[in-house]
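Asks: final-v7.tsv is reproduced below (TSV, C-alpha atoms and all ligand atoms).
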chain	number	residue	atom	x	y	z
T	2	MET	CA	0.00	0.00	0.00
T	3	MET	CA	1.20	3.52	-0.77
T	4	ASP	CA	0.98	5.59	2.35
T	5	SER	CA	1.98	9.17	2.71
T	6	PRO	CA	4.57	9.30	5.47
T	7	LEU	CA	3.28	12.73	6.46
T	8	ILE	CA	-0.15	11.56	7.49
T	9	ALA	CA	-0.23	9.57	10.68
T	10	LYS	CA	-2.37	6.49	10.33
T	11	GLU	CA	-5.47	6.25	12.44
T	12	THR	CA	-6.49	3.02	14.08
T	13	ILE	CA	-10.05	1.81	13.75
T	14	SER	CA	-11.34	-0.95	16.02
T	15	LEU	CA	-14.22	-3.18	15.12
T	16	VAL	CA	-15.71	-4.75	18.24
T	17	VAL	CA	-17.63	-7.94	17.59
T	18	PRO	CA	-19.37	-10.14	20.20
T	19	PHE	CA	-19.65	-13.83	19.25
T	20	PHE	CA	-21.99	-16.23	20.99
T	21	ASN	CA	-22.28	-19.59	19.23
T	22	GLU	CA	-21.64	-18.05	15.83
T	23	ALA	CA	-19.54	-20.89	14.36
T	24	ALA	CA	-21.71	-20.87	11.24
T	25	CYS	CA	-21.04	-17.17	10.59
T	26	ILE	CA	-17.31	-16.83	11.21
T	27	GLY	CA	-16.03	-17.90	7.78
T	28	THR	CA	-18.28	-15.48	5.91
T	29	PHE	CA	-17.64	-12.81	8.51
T	30	PHE	CA	-13.90	-12.55	7.84
T	31	GLU	CA	-14.33	-13.02	4.08
T	32	GLU	CA	-16.69	-10.06	3.89
T	33	VAL	CA	-15.27	-7.73	6.52
T	34	MET	CA	-11.53	-7.97	5.79
T	35	PRO	CA	-11.63	-6.58	2.22
T	36	VAL	CA	-13.81	-3.66	3.35
T	37	LEU	CA	-11.42	-2.76	6.16
T	38	GLU	CA	-8.42	-2.96	3.85
T	39	ARG	CA	-10.00	-0.44	1.51
T	40	ILE	CA	-10.25	2.26	4.18
T	41	GLU	CA	-7.47	4.74	3.44
T	42	ASN	CA	-4.93	5.87	5.97
T	43	ALA	CA	-6.14	3.54	8.62
T	44	GLU	CA	-4.96	0.47	10.44
T	45	CYS	CA	-7.90	-1.67	11.44
T	46	GLU	CA	-8.10	-4.14	14.29
T	47	ILE	CA	-10.94	-6.52	14.95
T	48	VAL	CA	-11.62	-7.25	18.60
T	49	CYS	CA	-13.62	-10.47	18.71
T	50	VAL	CA	-15.21	-11.29	22.04
T	51	ASN	CA	-16.10	-14.91	22.62
T	52	ASP	CA	-19.08	-14.70	24.95
T	53	GLY	CA	-18.95	-18.21	26.38
T	54	SER	CA	-19.77	-20.03	23.16
T	55	THR	CA	-20.32	-23.76	23.43
T	56	ASP	CA	-19.64	-24.56	19.76
T	57	THR	CA	-16.41	-24.18	17.77
T	58	THR	CA	-16.54	-20.36	17.79
T	59	LEU	CA	-13.43	-19.99	19.96
T	60	GLU	CA	-11.31	-22.43	17.94
T	61	GLN	CA	-12.30	-20.68	14.72
T	62	LEU	CA	-11.56	-17.24	16.14
T	63	VAL	CA	-8.15	-18.33	17.45
T	64	GLU	CA	-7.45	-19.76	14.00
T	65	ALA	CA	-8.36	-16.36	12.54
T	66	THR	CA	-5.74	-14.67	14.72
T	67	ARG	CA	-3.13	-16.84	12.94
T	68	VAL	CA	-4.36	-15.83	9.50
T	69	TYR	CA	-5.02	-12.15	10.15
T	70	PRO	CA	-2.50	-10.26	12.25
T	71	ARG	CA	-4.98	-7.56	13.26
T	72	VAL	CA	-7.47	-9.86	14.93
T	73	LYS	CA	-7.58	-10.00	18.71
T	74	VAL	CA	-9.75	-12.49	20.59
T	75	VAL	CA	-10.99	-11.77	24.09
T	76	ASP	CA	-12.31	-15.01	25.52
T	77	LEU	CA	-14.76	-14.47	28.39
T	78	SER	CA	-15.03	-17.04	31.18
T	79	ARG	CA	-18.72	-17.72	30.46
T	80	ASN	CA	-21.71	-16.24	28.63
T	81	PHE	CA	-22.20	-12.74	30.04
T	82	GLY	CA	-24.70	-11.50	27.43
T	83	LYS	CA	-24.24	-9.18	24.50
T	84	GLU	CA	-24.06	-5.95	26.52
T	85	ALA	CA	-21.23	-7.26	28.71
T	86	ALA	CA	-19.43	-8.81	25.73
T	87	MET	CA	-19.55	-5.49	23.89
T	88	THR	CA	-18.23	-3.73	26.98
T	89	ALA	CA	-15.33	-6.20	27.14
T	90	GLY	CA	-14.54	-5.54	23.49
T	91	ILE	CA	-14.75	-1.77	23.84
T	92	ASP	CA	-12.43	-1.93	26.86
T	93	ALA	CA	-9.91	-3.97	24.89
T	94	ALA	CA	-10.07	-1.82	21.75
T	95	ILE	CA	-7.19	0.57	21.17
T	96	GLY	CA	-8.57	2.40	18.13
T	97	ASP	CA	-9.00	6.13	17.59
T	98	ALA	CA	-12.48	5.13	16.52
T	99	VAL	CA	-14.42	2.14	17.82
T	100	ILE	CA	-17.27	0.43	15.97
T	101	PRO	CA	-19.46	-2.21	17.65
T	102	PHE	CA	-20.55	-4.70	15.01
T	103	ASP	CA	-22.64	-7.91	14.91
T	104	ALA	CA	-21.07	-11.22	13.96
T	105	ASP	CA	-24.02	-12.29	11.82
T	106	LEU	CA	-23.43	-9.54	9.20
T	107	GLN	CA	-26.91	-8.11	9.68
T	108	ASP	CA	-25.12	-4.79	9.63
T	109	PRO	CA	-23.51	-4.51	6.21
T	110	PRO	CA	-19.72	-4.09	6.35
T	111	GLU	CA	-19.95	-1.72	3.35
T	112	ALA	CA	-21.39	0.89	5.71
T	113	ILE	CA	-18.16	1.00	7.74
T	114	PRO	CA	-16.27	3.33	5.34
T	115	ASP	CA	-19.26	5.71	5.44
T	116	LEU	CA	-19.11	5.80	9.25
T	117	VAL	CA	-15.39	6.50	9.07
T	118	SER	CA	-15.73	9.34	6.58
T	119	LYS	CA	-18.42	11.04	8.68
T	120	TRP	CA	-16.14	10.71	11.70
T	121	ARG	CA	-13.32	12.30	9.72
T	122	GLU	CA	-15.65	15.24	9.02
T	123	GLY	CA	-15.41	15.92	12.75
T	124	PHE	CA	-18.24	14.02	14.43
T	125	ASP	CA	-17.57	12.10	17.64
T	126	VAL	CA	-20.43	9.69	17.24
T	127	VAL	CA	-21.83	8.43	13.96
T	128	ILE	CA	-25.03	6.40	14.32
T	129	ALA	CA	-26.00	3.89	11.68
T	130	ARG	CA	-29.76	3.98	11.36
T	131	ARG	CA	-31.76	1.16	9.85
T	132	SER	CA	-33.63	2.76	6.98
T	133	GLU	CA	-35.74	-0.37	6.78
T	134	ARG	CA	-35.90	-3.53	8.81
T	135	GLN	CA	-38.01	-5.74	6.59
T	136	THR	CA	-35.88	-8.68	7.63
T	137	ASP	CA	-37.17	-8.46	11.19
T	138	THR	CA	-40.51	-10.10	11.86
T	139	TYR	CA	-43.64	-7.98	12.00
T	140	ALA	CA	-43.95	-8.67	15.72
T	141	LYS	CA	-40.36	-7.63	16.41
T	142	ARG	CA	-40.73	-4.37	14.49
T	143	GLY	CA	-43.99	-3.58	16.27
T	144	THR	CA	-42.70	-4.29	19.76
T	145	ALA	CA	-39.44	-2.44	19.04
T	146	ALA	CA	-41.39	0.64	17.93
T	147	MET	CA	-43.50	0.44	21.08
T	148	PHE	CA	-40.42	0.11	23.27
T	149	TYR	CA	-38.84	3.24	21.79
T	150	ARG	CA	-42.06	5.17	22.19
T	151	VAL	CA	-42.51	4.22	25.85
T	152	HIS	CA	-38.83	4.58	26.72
T	153	ASN	CA	-38.44	7.97	25.11
T	154	ALA	CA	-41.70	9.27	26.59
T	155	ILE	CA	-40.68	8.56	30.16
T	156	SER	CA	-36.93	9.00	30.29
T	157	ASP	CA	-34.77	12.07	29.88
T	158	ILE	CA	-32.29	10.26	27.67
T	159	LYS	CA	-33.80	9.67	24.26
T	160	ILE	CA	-32.63	6.62	22.33
T	161	PRO	CA	-32.59	7.19	18.57
T	162	GLU	CA	-35.22	4.98	16.97
T	163	ASN	CA	-34.12	2.29	14.53
T	164	ALA	CA	-30.50	2.50	15.60
T	165	GLY	CA	-28.89	-0.64	16.93
T	166	ASP	CA	-25.48	-0.93	18.48
T	167	PHE	CA	-23.83	-0.47	15.08
T	168	ARG	CA	-22.20	2.96	15.25
T	169	LEU	CA	-18.83	4.66	15.40
T	170	MET	CA	-17.45	6.35	18.50
T	171	SER	CA	-14.36	8.51	18.71
T	172	ARG	CA	-11.71	7.75	21.33
T	173	GLN	CA	-13.05	10.62	23.42
T	174	ALA	CA	-16.58	9.24	23.33
T	175	VAL	CA	-15.29	5.78	24.22
T	176	GLU	CA	-13.39	7.14	27.22
T	177	ALA	CA	-16.59	8.86	28.35
T	178	LEU	CA	-18.50	5.60	28.00
T	179	LYS	CA	-15.88	3.78	30.04
T	180	GLN	CA	-16.41	6.23	32.90
T	181	LEU	CA	-20.00	5.12	33.40
T	182	PRO	CA	-19.71	2.78	36.37
T	183	GLU	CA	-22.89	0.73	36.18
T	184	ASN	CA	-22.70	-2.98	36.22
T	185	ARG	CA	-25.91	-3.72	34.33
T	186	ARG	CA	-25.13	-2.10	31.04
T	187	PHE	CA	-27.97	-1.16	28.71
T	188	MET	CA	-25.62	-0.03	25.95
T	189	LYS	CA	-28.12	1.76	23.73
T	190	GLY	CA	-28.98	4.00	26.67
T	191	LEU	CA	-25.36	4.51	27.71
T	192	PHE	CA	-24.39	5.39	24.14
T	193	ALA	CA	-27.11	8.04	24.13
T	194	TRP	CA	-26.23	9.29	27.61
T	195	ILE	CA	-22.69	10.35	26.75
T	196	GLY	CA	-23.87	12.82	24.12
T	197	PHE	CA	-21.17	14.41	21.87
T	198	LYS	CA	-21.43	15.76	18.36
T	199	THR	CA	-23.49	13.15	16.53
T	200	ALA	CA	-24.23	12.43	12.90
T	201	SER	CA	-26.05	9.52	11.34
T	202	ILE	CA	-26.02	7.49	8.17
T	203	GLU	CA	-28.67	5.11	6.86
T	204	TYR	CA	-28.36	1.49	5.87
T	205	ALA	CA	-30.61	-1.45	5.18
T	206	ARG	CA	-30.51	-4.21	7.77
T	207	LYS	CA	-30.03	-7.61	6.23
T	208	PRO	CA	-31.00	-11.11	7.33
T	209	ARG	CA	-28.49	-13.16	9.29
T	210	VAL	CA	-25.93	-14.93	7.06
T	211	ALA	CA	-26.25	-18.10	9.14
T	212	GLY	CA	-27.34	-19.38	12.52
T	213	LYS	CA	-30.29	-18.00	14.44
T	214	THR	CA	-31.03	-15.06	16.68
T	215	LYS	CA	-29.95	-15.26	20.32
T	216	PHE	CA	-32.80	-13.06	21.48
T	217	SER	CA	-36.11	-14.80	22.15
T	218	GLY	CA	-39.32	-12.95	22.98
T	219	TRP	CA	-38.82	-13.32	26.73
T	220	LYS	CA	-35.20	-12.18	26.55
T	221	LEU	CA	-36.26	-9.12	24.53
T	222	TRP	CA	-38.98	-8.31	27.07
T	223	ASN	CA	-36.44	-8.43	29.89
T	224	PHE	CA	-34.07	-6.35	27.82
T	225	ALA	CA	-36.78	-3.71	27.34
T	226	MET	CA	-37.48	-3.69	31.11
T	227	GLU	CA	-33.76	-3.28	31.69
T	228	GLY	CA	-33.69	-0.31	29.34
T	229	ILE	CA	-36.62	1.44	30.95
T	230	THR	CA	-35.56	0.86	34.56
T	231	SER	CA	-31.99	1.91	33.71
T	232	PHE	CA	-32.96	5.31	32.45
T	233	SER	CA	-36.23	6.34	34.06
T	234	THR	CA	-37.65	6.46	37.56
T	235	LEU	CA	-41.13	7.39	36.35
T	236	PRO	CA	-42.47	3.84	36.90
T	237	LEU	CA	-41.55	4.31	40.58
T	238	ARG	CA	-42.91	7.80	40.96
T	239	VAL	CA	-46.19	7.14	39.21
T	240	TRP	CA	-47.38	5.20	42.29
T	241	THR	CA	-47.31	8.34	44.37
T	242	TYR	CA	-49.84	9.93	42.04
T	243	LEU	CA	-51.94	6.82	41.62
T	244	GLY	CA	-52.02	6.37	45.40
T	245	GLY	CA	-52.91	10.03	45.87
T	246	LEU	CA	-55.73	9.82	43.33
T	247	THR	CA	-57.11	6.67	44.91
T	248	ALA	CA	-57.00	8.27	48.37
T	249	VAL	CA	-58.83	11.37	47.16
T	250	PHE	CA	-61.41	9.19	45.45
T	251	ALA	CA	-61.83	7.12	48.64
T	252	LEU	CA	-62.35	10.27	50.74
T	253	ILE	CA	-65.02	11.58	48.38
T	254	TYR	CA	-66.74	8.22	48.39
T	255	ALA	CA	-66.59	8.09	52.21
T	256	ALA	CA	-68.18	11.53	52.43
T	257	TYR	CA	-70.92	10.39	50.07
T	258	LEU	CA	-71.55	7.29	52.19
T	259	ILE	CA	-71.78	9.34	55.39
T	260	VAL	CA	-74.31	11.70	53.84
T	261	LYS	CA	-76.26	8.83	52.34
T	262	THR	CA	-76.37	6.88	55.63
T	263	THR	CA	-77.51	9.96	57.56
T	264	VAL	CA	-80.28	10.70	55.10
T	265	HIS	CA	-81.48	7.19	54.16
T	266	GLY	CA	-80.34	5.04	57.12
T	267	VAL	CA	-78.15	1.91	56.98
T	268	ASP	CA	-77.94	0.07	53.68
T	269	VAL	CA	-76.85	-3.56	54.15
T	270	PRO	CA	-76.25	-4.91	50.62
T	271	GLY	CA	-72.92	-3.83	49.12
T	272	TYR	CA	-70.92	-7.01	48.76
T	273	ALA	CA	-70.26	-6.49	45.03
T	274	SER	CA	-68.85	-2.99	45.36
T	275	THR	CA	-66.76	-3.95	48.40
T	276	ILE	CA	-65.16	-7.00	46.83
T	277	THR	CA	-64.51	-5.08	43.60
T	278	ALA	CA	-62.76	-2.30	45.47
T	279	VAL	CA	-60.71	-4.75	47.53
T	280	LEU	CA	-59.61	-6.80	44.54
T	281	PHE	CA	-58.84	-3.79	42.38
T	282	LEU	CA	-56.81	-2.07	45.07
T	283	GLY	CA	-55.07	-5.35	45.91
T	284	GLY	CA	-54.04	-5.69	42.26
T	285	VAL	CA	-52.86	-2.10	42.04
T	286	GLN	CA	-50.77	-2.56	45.18
T	287	LEU	CA	-49.17	-5.73	43.85
T	288	ILE	CA	-48.17	-3.97	40.63
T	289	GLY	CA	-46.70	-1.15	42.69
T	290	ILE	CA	-44.69	-3.58	44.79
T	291	GLY	CA	-43.54	-5.34	41.62
T	292	VAL	CA	-42.23	-2.11	40.15
T	293	ILE	CA	-40.40	-1.28	43.37
T	294	GLY	CA	-39.02	-4.82	43.27
T	295	GLU	CA	-37.54	-4.18	39.81
T	296	TYR	CA	-35.58	-1.22	41.11
T	297	VAL	CA	-34.60	-2.78	44.43
T	298	GLY	CA	-33.35	-5.76	42.42
T	299	ARG	CA	-31.20	-3.48	40.29
T	300	MET	CA	-29.86	-1.74	43.40
T	301	TYR	CA	-29.05	-5.11	44.91
T	302	VAL	CA	-27.08	-6.18	41.85
T	303	GLU	CA	-25.27	-2.85	41.57
T	304	THR	CA	-24.27	-2.71	45.24
T	305	LYS	CA	-22.39	-5.98	44.91
T	306	ARG	CA	-19.98	-4.15	42.61
T	307	ARG	CA	-19.11	-7.22	40.65
T	308	PRO	CA	-17.18	-6.73	37.43
T	309	VAL	CA	-19.20	-6.60	34.22
T	310	TYR	CA	-17.29	-9.55	32.71
T	311	ILE	CA	-14.32	-11.83	33.38
T	312	VAL	CA	-11.67	-12.42	30.72
T	313	ARG	CA	-10.30	-15.95	30.56
T	314	LYS	CA	-7.63	-15.31	27.95
T	315	VAL	CA	-6.65	-12.92	25.17
T	316	TYR	CA	-5.38	-14.37	21.90
T	317	GLN	CA	-3.38	-12.16	19.58
T	318	GLN	CA	-0.63	-12.63	17.05
T	319	ASP	CA	2.55	-10.75	17.95
T	320	ALA	CA	2.45	-7.57	15.96
T	321	PRO	CA	4.81	-8.02	12.99
T	322	GLN	CA	7.43	-5.25	12.93
Q	401	LIG	N1	-24.45	-12.14	21.34
Q	401	LIG	C1	-23.54	-12.27	22.39
Q	401	LIG	N2	-23.98	-12.80	23.59
Q	401	LIG	C2	-25.28	-13.17	23.78
Q	401	LIG	C3	-26.20	-13.00	22.71
Q	401	LIG	C4	-25.76	-12.48	21.51
Q	401	LIG	O1	-22.38	-11.95	22.25
Q	401	LIG	O2	-25.58	-13.64	24.89
Q	401	LIG	C5	-23.98	-11.58	20.05
Q	401	LIG	C6	-24.26	-12.45	18.84
Q	401	LIG	O3	-23.26	-13.42	18.65
Q	401	LIG	C7	-24.30	-11.43	17.71
Q	401	LIG	C8	-24.87	-10.20	18.39
Q	401	LIG	O4	-24.69	-10.40	19.79
Q	401	LIG	O5	-23.00	-11.11	17.23
Q	401	LIG	C9	-26.33	-9.97	18.04
Q	401	LIG	O6	-27.07	-11.13	18.35
Q	401	LIG	P1	-28.28	-11.61	17.44
Q	401	LIG	O7	-27.91	-11.51	16.00
Q	401	LIG	O8	-28.69	-12.97	17.92
Q	401	LIG	O9	-29.41	-10.57	17.81
Q	401	LIG	P2	-30.49	-9.91	16.80
Q	401	LIG	O10	-29.71	-9.38	15.64
Q	401	LIG	O11	-31.41	-11.00	16.42
Q	401	LIG	O12	-31.13	-8.83	17.62
Q	402	MG	MG	-28.49	-10.46	14.47
What is this structure when it is put down as structure tokens?
Ligand code: UDP
Ligand code: MG
Replies:
Amino acid sequence: MMDSPLIAKETISLVVPFFNEAACIGTFFEEVMPVLERIENAECEIVCVNDGSTDTTLEQLVEATRVYPRVKVVDLSRNFGKEAAMTAGIDAAIGDAVIPFDADLQDPPEAIPDLVSKWREGFDVVIARRSERQTDTYAKRGTAAMFYRVHNAISDIKIPENAGDFRLMSRQAVEALKQLPENRRFMKGLFAWIGFKTASIEYARKPRVAGKTKFSGWKLWNFAMEGITSFSTLPLRVWTYLGGLTAVFALIYAAYLIVKTTVHGVDVPGYASTITAVLFLGGVQLIGIGVIGEYVGRMYVETKRRPVYIVRKVYQQDAPQ
């Protein structure tokens, strides 16, 4: 390659979590490597995080470090989940720009040079937005849209809609992200929290090249709960108002009953209204306790101050001089 000696090369890190992606790895390197090589004036590294895979993912990744000198493999001690795996990769990345990327090539590698050129225009964060997500099921698109609506309505930090984790962050933005101490890491929210000068590009999200999604309906529901409880306390505070309203209503009703009893005497029947009120209030109280439980649970986990992930081993070819 012809490089001008006057221009210092920038390093770009691709951070890729792998959880049982054996079927994707071959295609992954075949498609990503040529794209990275085409980026001018840049050295690229790929930080692959093995998130406790039980198939041949680790063996294949270690093999890749022998073939490609710029591939680093961070092997975690077990499956910590995508958010933790990404955090491990971002911590290990040394690039001037860091790009989280999925192993299944749902994010097209061809968009990477576009992210880089926007960054070179002077933006600290470049978000890749999905212009269309036809490849996701109807149910997933619908529930995702609902999640963004609810989340953004009740929390101060707005998450850009239709943006996944695929984005570019400058070194400065990455250092800011690393300062956030929380243990349960809802990355989309943390990415948004740090702020910085942000631009976005559009791309079409593709189907997985192989294998199947690691996020079932239940896992996605929990993920959404995680997002909302990480960035909003409205679900906690709303009980104050609901309780207040119920109390006011109860007082008015009591006053009505007193007047009615004084005027018309004692009225014995009333089982239906009593049981309805008891059951309804009982239900409302249980929901309230459940919501408090969500937050107390988070506090419990955070106070233990456990690390976000544990690295078992790092595999890397010695940098050729
Ligand atoms: N992933 C991970 N740990 C997990 C689940 C997923 O590292 O516990 C990785 C997975 O290997 C992939 C990325 O996260 O690189 C996105 O996962 P997936 O494609 O299953 O999610 P989807 O695109 O369906 O939302
Ligand atoms: Mg995927």
Asks: Pick out the residues sitting within 6 Å of range 155-169 of chain T, and hand them over as an MDAnalysis selection string; count only C-alpha atoms, and ignore anything fewer than 2 positions along from it in its own chain.
Replies: chainID T and resid 99:102 126:131 152:153 193 232:233
Asks: Given the choices T:Ala211, T:Ile195, T:Val292, T:Ala256, which gets closest to ligand MG 402 (chain Q) if the distance is worked out from all atoms listed in the file?
Replies: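 Distance minimum relative to ligand MG 402 (chain Q) lands on T:Ala211.
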Asks: Please provide as a PyMOL selection string all residues within 12 Å of range 304-312 of chain T, with the sequence filter that same-chain residues fewer than 4 positions apart are discarded (counting all atoms listed in the file).
Replies: chain T and resi 50-53+74-90+92-93+179+181-187+297-300+316
Asks: Ranking T:Leu282, T:Glu32, T:Gly196, T:Val264 by minimum distance to Ala248 in chain T and counting all atoms listed in the file, which one comes first?
Replies: T:Leu282
Asks: With ligand MG 402 (chain Q) as the partner and 9 Å as the cut-off, tabulate the residues of chain T that qualify, each row holding the nearest pair of atoms and their distance in Å to one decimal, using only C-alpha atoms and all ligand atoms, sorted by chain and rising number, as a tab-separated table.
Replies:
residue	atom	partner	partner_atom	distance
T:Asp103	CA	Q:MG402	MG	6.4
T:Ala104	CA	Q:MG402	MG	7.5
T:Asp105	CA	Q:MG402	MG	5.5
T:Leu106	CA	Q:MG402	MG	7.4
T:Gln107	CA	Q:MG402	MG	5.6
T:Asp108	CA	Q:MG402	MG	8.2
T:Lys207	CA	Q:MG402	MG	8.9
T:Pro208	CA	Q:MG402	MG	7.6
T:Arg209	CA	Q:MG402	MG	5.8
T:Lys213	CA	Q:MG402	MG	7.8
T:Thr214	CA	Q:MG402	MG	5.7
T:Lys215	CA	Q:MG402	MG	7.7
T:Phe216	CA	Q:MG402	MG	8.6
Asks: For the residues in that selection, give me C-alpha atoms as a PDB file, in the frame of the given file.
Replies:
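What follows is the written file part_6.pdb:
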ATOM      1  CA  ASP T 103     -22.640  -7.910  14.910  1.00  0.00           C
ATOM      2  CA  ALA T 104     -21.070 -11.220  13.960  1.00  0.00           C
ATOM      3  CA  ASP T 105     -24.020 -12.290  11.820  1.00  0.00           C
ATOM      4  CA  LEU T 106     -23.430  -9.540   9.200  1.00  0.00           C
ATOM      5  CA  GLN T 107     -26.910  -8.110   9.680  1.00  0.00           C
ATOM      6  CA  ASP T 108     -25.120  -4.790   9.630  1.00  0.00           C
ATOM      7  CA  LYS T 207     -30.030  -7.610   6.230  1.00  0.00           C
ATOM      8  CA  PRO T 208     -31.000 -11.110   7.330  1.00  0.00           C
ATOM      9  CA  ARG T 209     -28.490 -13.160   9.290  1.00  0.00           C
ATOM     10  CA  LYS T 213     -30.290 -18.000  14.440  1.00  0.00           C
ATOM     11  CA  THR T 214     -31.030 -15.060  16.680  1.00  0.00           C
ATOM     12  CA  LYS T 215     -29.950 -15.260  20.320  1.00  0.00           C
ATOM     13  CA  PHE T 216     -32.800 -13.060  21.480  1.00  0.00           C
TER      14      PHE T 216
END
Asks: Quick one: residues within 10 Å of (-1.6, -2.0, 13.5) (file frame), counting all atoms listed in the file, please, as a ChimeraX atom specification.
Replies: /T:10-13,43-46,70-72,95-96,320-322
Asks: Write the residues of the selection above to a file with C-alpha atoms, as a short mmCIF file (atom, residue, chain, number, x, y, z; two decimals), keeping the file's coordinate frame.
Replies:
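again_11.cif, freshly written:
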data_model
loop_
_atom_site.label_atom_id
_atom_site.label_comp_id
_atom_site.auth_asym_id
_atom_site.auth_seq_id
_atom_site.Cartn_x
_atom_site.Cartn_y
_atom_site.Cartn_z
CA LYS T 10 -2.37 6.49 10.33
CA GLU T 11 -5.47 6.25 12.44
CA THR T 12 -6.49 3.02 14.08
CA ILE T 13 -10.05 1.81 13.75
CA ALA T 43 -6.14 3.54 8.62
CA GLU T 44 -4.96 0.47 10.44
CA CYS T 45 -7.90 -1.67 11.44
CA GLU T 46 -8.10 -4.14 14.29
CA PRO T 70 -2.50 -10.26 12.25
CA ARG T 71 -4.98 -7.56 13.26
CA VAL T 72 -7.47 -9.86 14.93
CA ILE T 95 -7.19 0.57 21.17
CA GLY T 96 -8.57 2.40 18.13
CA ALA T 320 2.45 -7.57 15.96
CA PRO T 321 4.81 -8.02 12.99
CA GLN T 322 7.43 -5.25 12.93
#
Asks: Select, from T:Ile202, T:Ala23, T:Met147, T:Val33, the residue with the minimum atom-to-atom distance to ligand LIG 401 (chain Q), counting all atoms listed in the file.
Replies: T:Ala23
Asks: Rounded to one decimal in Å, what is the spacing between CA of Gly212 in chain T and CA of Glu22 in chain T?
Replies: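 Taking CA of Gly212 in chain T and CA of Glu22 in chain T, their separation equals 6.7 Å.
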Asks: So how far away is CA of Phe29 in chain T from CA of Gly143 in chain T, in Å?
Replies: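 One can read the CA of Gly143 in chain T to CA of Phe29 in chain T distance as 29.0 Å.
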Asks: When you draw a straight line from atom C1 of ligand LIG 401 (chain Q) to CA of Ala154 in chain T, how long is it in Å?
Replies: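 So the two atoms, atom C1 of ligand LIG 401 (chain Q) and CA of Ala154 in chain T, lie 28.5 Å apart.
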Asks: Nearest to Pro109 in chain T among T:Tyr204, T:Tyr69, T:Phe19, T:Tyr301, with distances taken over only C-alpha atoms: which residue is it?
Replies: T:Tyr204
Asks: Rank nothing, just name the residue among T:Thr241, T:Pro236, T:Val302, T:Ala205 nearest to Gln135 in chain T, using only C-alpha atoms.
Replies: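 Nearest candidate to Gln135 in chain T out of T:Thr241, T:Pro236, T:Val302, T:Ala205: T:Ala205.
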Asks: I'd like to know which of T:Glu38, T:Asp56, T:Asp97, T:Glu203 is closest to ligand LIG 401 (chain Q), using all atoms listed in the file.
Replies: T:Asp56
